[in-house]
Amino acid sequence: MSRNKEKAQSNLNQYYLQKDKQLGILDSNPQNRPRNVNKVTSLPQAEKWRSTILSEISVNLTRINDENLTDFEIREINDKLNALFKEKKTWEYHIRNNLKGNDYIKYGRDLINTGVLVDSEDGNKGYRYFGRAKELPDVKVLIEQKRKKRRKDQDGYDEDKAREARLGYAYYGFYDEKKLNVGIPAIDKDVSSDPLLAFESKRGQEILEETGEAPQGRIINFDDIPTNEMVNSWLVNKKRQELLSRLGLSKL
């Protein structure tokens with residue numbers, strides 16, 4: 001039974017090989033793929049080579065996400081993917097322009113969009129990073145630099161300057177007593193330039209004046225604030241007086 005099955009499979013393979021020959025596909029071995037695409041004058045053969053490259057790209061896109069790969073292996077696979085995408089594009093231009101075949105460049109779905117386009121450190125423009133290659137430390141730096149540059153070019157936004165303006169001088173310690181004479185604006189000027197801080201300062205002064213706890217211009221002395229022991233003692237005495245009052249012994 002198995003013998004008949006193997007024979008049928010062999011006949012099926014022979015059938016597909018015969019069909020390929022009829023279509024003009026002379027070779028399907030990836031090892032025999034020509035480097036110079038112009039040597040291929042058969043459209044079916046060119047389509048076959050493009051299909052072979054797509055299969056290799058798919059395999060390597062899966063491999064580059066393997067958690068067991070070393071950094072060297074990740075870079076090696078990423079280099080191979082960039083070379084395969086470049087070769088695929090060459091075949092697609094040849095199929096469209098020279099062989100008058102399908103326009104894969106305009107209408108085809110390109111897997112290259114799964115990678116991040118960043119110029120490599122060696123000056124190679126148009127280089128992409130795929131899968132785990134995007135997680136490499138030096139690649140993360142390149143991607144972040146590109147993101148900042150793109151945002152700055154689009155609307156003139158400078159993230160570093162915006163952060164400095166948002167945090168203010170106090171965040172960097174410029175209001176320390178030893179650094180007040182270095183030409184940095186005084187605190188009062190900074191408060192007056194901020195509506196929220198100015199309102200809080202004004203309202204706080206009004207509350208102090210209304211309650212009479214602190215006249216205008218007076219600085220509260222933190223030494224007058226009761227300690228935890230004083231507060232606990234006061235609470236105990238208050239509870240004691242309430243209990244004696246309930247028992248009718250408040251006069252004792």
# chains A, B, ... in the order shown; residues from 1 in each chain; ligands from 1
call {"tool": "residues_around", "arguments": {"residues": "Leu99 of chain A", "least_positions_apart": "3", "cutoff": "12 Å", "atoms": "only C-alpha atoms", "output": "PyMOL selection string"}}
result
chain A and resi 37-47+91-96+102-103
call {"tool": "write_last_selection", "arguments": {"atoms": "C-alpha atoms", "output": "mmCIF file, in the first residue's frame"}}
result
data_model
loop_
_atom_site.group_PDB
_atom_site.id
_atom_site.type_symbol
_atom_site.label_atom_id
_atom_site.label_comp_id
_atom_site.auth_asym_id
_atom_site.auth_seq_id
_atom_site.Cartn_x
_atom_site.Cartn_y
_atom_site.Cartn_z
ATOM 1 C CA VAL A 37 18.507 39.468 -13.411
ATOM 2 C CA ASN A 38 18.873 40.675 -17.001
ATOM 3 C CA LYS A 39 20.071 37.195 -18.001
ATOM 4 C CA VAL A 40 16.545 35.874 -17.361
ATOM 5 C CA THR A 41 14.322 36.587 -20.346
ATOM 6 C CA SER A 42 11.457 34.294 -19.356
ATOM 7 C CA LEU A 43 8.683 35.930 -17.316
ATOM 8 C CA PRO A 44 7.600 32.660 -15.616
ATOM 9 C CA GLN A 45 11.224 31.997 -14.631
ATOM 10 C CA ALA A 46 11.550 35.505 -13.158
ATOM 11 C CA GLU A 47 8.276 35.027 -11.277
ATOM 12 C CA TRP A 91 13.538 41.207 -9.699
ATOM 13 C CA GLU A 92 10.307 43.191 -9.397
ATOM 14 C CA TYR A 93 11.722 46.069 -11.441
ATOM 15 C CA HIS A 94 12.953 43.557 -14.038
ATOM 16 C CA ILE A 95 9.542 41.857 -14.194
ATOM 17 C CA ARG A 96 7.701 45.150 -14.597
ATOM 18 C CA ASN A 102 2.924 42.382 -12.912
ATOM 19 C CA ASP A 103 3.707 45.642 -11.099
#
call {"tool": "residues_around", "arguments": {"residues": "Ile74 of chain A", "least_positions_apart": "4", "cutoff": "8 Å", "atoms": "only C-alpha atoms", "output": "list in words"}}
result
Ile64, Leu69, Thr70, Asn78, Arg132 and Ala133 of chain A
call {"tool": "write_last_selection", "arguments": {"atoms": "all heavy atoms", "output": "PDB file, in the first residue's frame"}}
result
ATOM      1  N   ILE A  64      14.518  35.441  12.989  1.00  0.00           N
ATOM      2  CA  ILE A  64      15.116  36.576  13.690  1.00  0.00           C
ATOM      3  C   ILE A  64      14.392  36.890  14.997  1.00  0.00           C
ATOM      4  O   ILE A  64      14.885  37.655  15.827  1.00  0.00           O
ATOM      5  CB  ILE A  64      15.133  37.822  12.782  1.00  0.00           C
ATOM      6  CG1 ILE A  64      16.200  38.814  13.267  1.00  0.00           C
ATOM      7  CG2 ILE A  64      13.767  38.484  12.729  1.00  0.00           C
ATOM      8  CD1 ILE A  64      16.465  39.944  12.313  1.00  0.00           C
ATOM      9  N   LEU A  69      18.687  33.237  19.948  1.00  0.00           N
ATOM     10  CA  LEU A  69      19.742  33.758  19.078  1.00  0.00           C
ATOM     11  C   LEU A  69      20.679  34.686  19.843  1.00  0.00           C
ATOM     12  O   LEU A  69      20.258  35.415  20.748  1.00  0.00           O
ATOM     13  CB  LEU A  69      19.126  34.517  17.902  1.00  0.00           C
ATOM     14  CG  LEU A  69      18.342  33.714  16.867  1.00  0.00           C
ATOM     15  CD1 LEU A  69      17.711  34.651  15.856  1.00  0.00           C
ATOM     16  CD2 LEU A  69      19.236  32.700  16.169  1.00  0.00           C
ATOM     17  N   THR A  70      21.949  34.671  19.485  1.00  0.00           N
ATOM     18  CA  THR A  70      22.909  35.625  20.029  1.00  0.00           C
ATOM     19  C   THR A  70      22.830  36.928  19.241  1.00  0.00           C
ATOM     20  O   THR A  70      22.233  36.977  18.160  1.00  0.00           O
ATOM     21  CB  THR A  70      24.331  35.062  19.956  1.00  0.00           C
ATOM     22  OG1 THR A  70      24.691  34.885  18.562  1.00  0.00           O
ATOM     23  CG2 THR A  70      24.422  33.718  20.667  1.00  0.00           C
ATOM     24  N   ASN A  78      19.726  39.748  10.084  1.00  0.00           N
ATOM     25  CA  ASN A  78      19.217  41.056   9.657  1.00  0.00           C
ATOM     26  C   ASN A  78      19.914  41.530   8.376  1.00  0.00           C
ATOM     27  O   ASN A  78      19.283  42.093   7.483  1.00  0.00           O
ATOM     28  CB  ASN A  78      19.407  42.076  10.771  1.00  0.00           C
ATOM     29  CG  ASN A  78      18.521  43.291  10.614  1.00  0.00           C
ATOM     30  OD1 ASN A  78      17.330  43.251  10.891  1.00  0.00           O
ATOM     31  ND2 ASN A  78      19.100  44.383  10.143  1.00  0.00           N
ATOM     32  N   ARG A 132      13.981  41.055  16.465  1.00  0.00           N
ATOM     33  CA  ARG A 132      14.801  41.302  17.650  1.00  0.00           C
ATOM     34  C   ARG A 132      15.973  42.235  17.375  1.00  0.00           C
ATOM     35  O   ARG A 132      16.594  42.736  18.319  1.00  0.00           O
ATOM     36  CB  ARG A 132      15.327  39.974  18.210  1.00  0.00           C
ATOM     37  CG  ARG A 132      14.252  39.111  18.888  1.00  0.00           C
ATOM     38  CD  ARG A 132      14.902  37.948  19.602  1.00  0.00           C
ATOM     39  NE  ARG A 132      15.852  38.422  20.591  1.00  0.00           N
ATOM     40  CZ  ARG A 132      16.854  37.688  21.070  1.00  0.00           C
ATOM     41  NH1 ARG A 132      17.044  36.460  20.630  1.00  0.00           N
ATOM     42  NH2 ARG A 132      17.668  38.185  21.978  1.00  0.00           N
ATOM     43  N   ALA A 133      16.264  42.483  16.112  1.00  0.00           N
ATOM     44  CA  ALA A 133      17.348  43.425  15.788  1.00  0.00           C
ATOM     45  C   ALA A 133      17.001  44.825  16.281  1.00  0.00           C
ATOM     46  O   ALA A 133      17.887  45.623  16.590  1.00  0.00           O
ATOM     47  CB  ALA A 133      17.606  43.437  14.283  1.00  0.00           C
TER      48      ALA A 133
END
call {"tool": "residues_around", "arguments": {"residues": "Leu117 of chain A", "least_positions_apart": "6", "cutoff": "7 Å", "atoms": "only C-alpha atoms", "output": "list in words"}}
result
Gly126, Tyr127, Arg128 and Tyr129 of chain A
call {"tool": "residues_around", "arguments": {"residues": "Asp79 of chain A", "least_positions_apart": "2", "cutoff": "12 Å", "atoms": "only C-alpha atoms", "output": "list in words"}}
result
Ile57, Asn60, Leu61, Ile64, Phe72, Glu73, Ile74, Arg75, Glu76, Ile77, Leu81, Asn82, Ala83, Leu84, Phe85, Lys86, Ser120, Asn124, Tyr127, Arg128, Tyr129, Phe130 and Ala133 of chain A
call {"tool": "write_last_selection", "arguments": {"atoms": "N, CA and C atoms", "output": "tab-separated table (two decimals), in the first residue's frame"}}
result
chain	number	residue	atom	x	y	z
A	57	ILE	N	12.64	35.07	2.61
A	57	ILE	CA	12.37	36.21	3.49
A	57	ILE	C	11.46	35.79	4.63
A	60	ASN	N	13.37	33.77	7.26
A	60	ASN	CA	14.30	34.57	8.06
A	60	ASN	C	13.59	35.56	8.97
A	61	LEU	N	12.41	36.04	8.58
A	61	LEU	CA	11.62	36.89	9.47
A	61	LEU	C	11.16	36.12	10.69
A	64	ILE	N	14.52	35.44	12.99
A	64	ILE	CA	15.12	36.58	13.69
A	64	ILE	C	14.39	36.89	15.00
A	72	PHE	N	25.17	38.37	17.64
A	72	PHE	CA	25.87	38.19	16.35
A	72	PHE	C	24.95	37.51	15.34
A	73	GLU	N	24.22	36.49	15.76
A	73	GLU	CA	23.32	35.78	14.85
A	73	GLU	C	22.18	36.69	14.41
A	74	ILE	N	21.69	37.53	15.32
A	74	ILE	CA	20.62	38.46	14.97
A	74	ILE	C	21.09	39.42	13.89
A	75	ARG	N	22.30	39.97	14.08
A	75	ARG	CA	22.83	40.91	13.07
A	75	ARG	C	23.05	40.21	11.73
A	76	GLU	N	23.50	38.96	11.79
A	76	GLU	CA	23.76	38.21	10.56
A	76	GLU	C	22.46	37.98	9.77
A	77	ILE	N	21.40	37.58	10.48
A	77	ILE	CA	20.11	37.36	9.82
A	77	ILE	C	19.54	38.68	9.30
A	81	LEU	N	18.40	39.60	5.54
A	81	LEU	CA	17.07	40.09	5.18
A	81	LEU	C	17.17	41.35	4.31
A	82	ASN	N	18.06	42.25	4.67
A	82	ASN	CA	18.24	43.46	3.87
A	82	ASN	C	18.70	43.12	2.46
A	83	ALA	N	19.59	42.14	2.33
A	83	ALA	CA	20.07	41.72	1.02
A	83	ALA	C	18.95	41.07	0.20
A	84	LEU	N	18.11	40.25	0.88
A	84	LEU	CA	17.01	39.58	0.18
A	84	LEU	C	15.97	40.58	-0.30
A	85	PHE	N	15.65	41.57	0.53
A	85	PHE	CA	14.67	42.58	0.11
A	85	PHE	C	15.20	43.40	-1.07
A	86	LYS	N	16.49	43.67	-1.05
A	86	LYS	CA	17.09	44.40	-2.16
A	86	LYS	C	17.03	43.57	-3.44
A	120	SER	N	22.37	52.71	8.92
A	120	SER	CA	23.28	51.96	9.78
A	120	SER	C	24.49	52.80	10.16
A	124	ASN	N	25.38	53.07	5.72
A	124	ASN	CA	24.55	52.39	4.73
A	124	ASN	C	23.13	52.93	4.81
A	127	TYR	N	18.94	51.14	5.32
A	127	TYR	CA	19.09	49.88	6.04
A	127	TYR	C	17.93	49.73	7.02
A	128	ARG	N	17.39	48.52	7.13
A	128	ARG	CA	16.25	48.25	8.01
A	128	ARG	C	16.62	47.23	9.08
A	129	TYR	N	15.92	47.35	10.22
A	129	TYR	CA	16.09	46.41	11.32
A	129	TYR	C	14.77	45.70	11.56
A	130	PHE	N	14.86	44.38	11.65
A	130	PHE	CA	13.67	43.55	11.77
A	130	PHE	C	13.69	42.79	13.10
A	133	ALA	N	16.26	42.48	16.11
A	133	ALA	CA	17.35	43.42	15.79
A	133	ALA	C	17.00	44.82	16.28
call {"tool": "closest_residue", "arguments": {"among": "A:Thr52, A:Val116, A:Glu210, A:Pro30", "to": "Val139 of chain A", "atoms": "only C-alpha atoms"}}
result
A:Val116
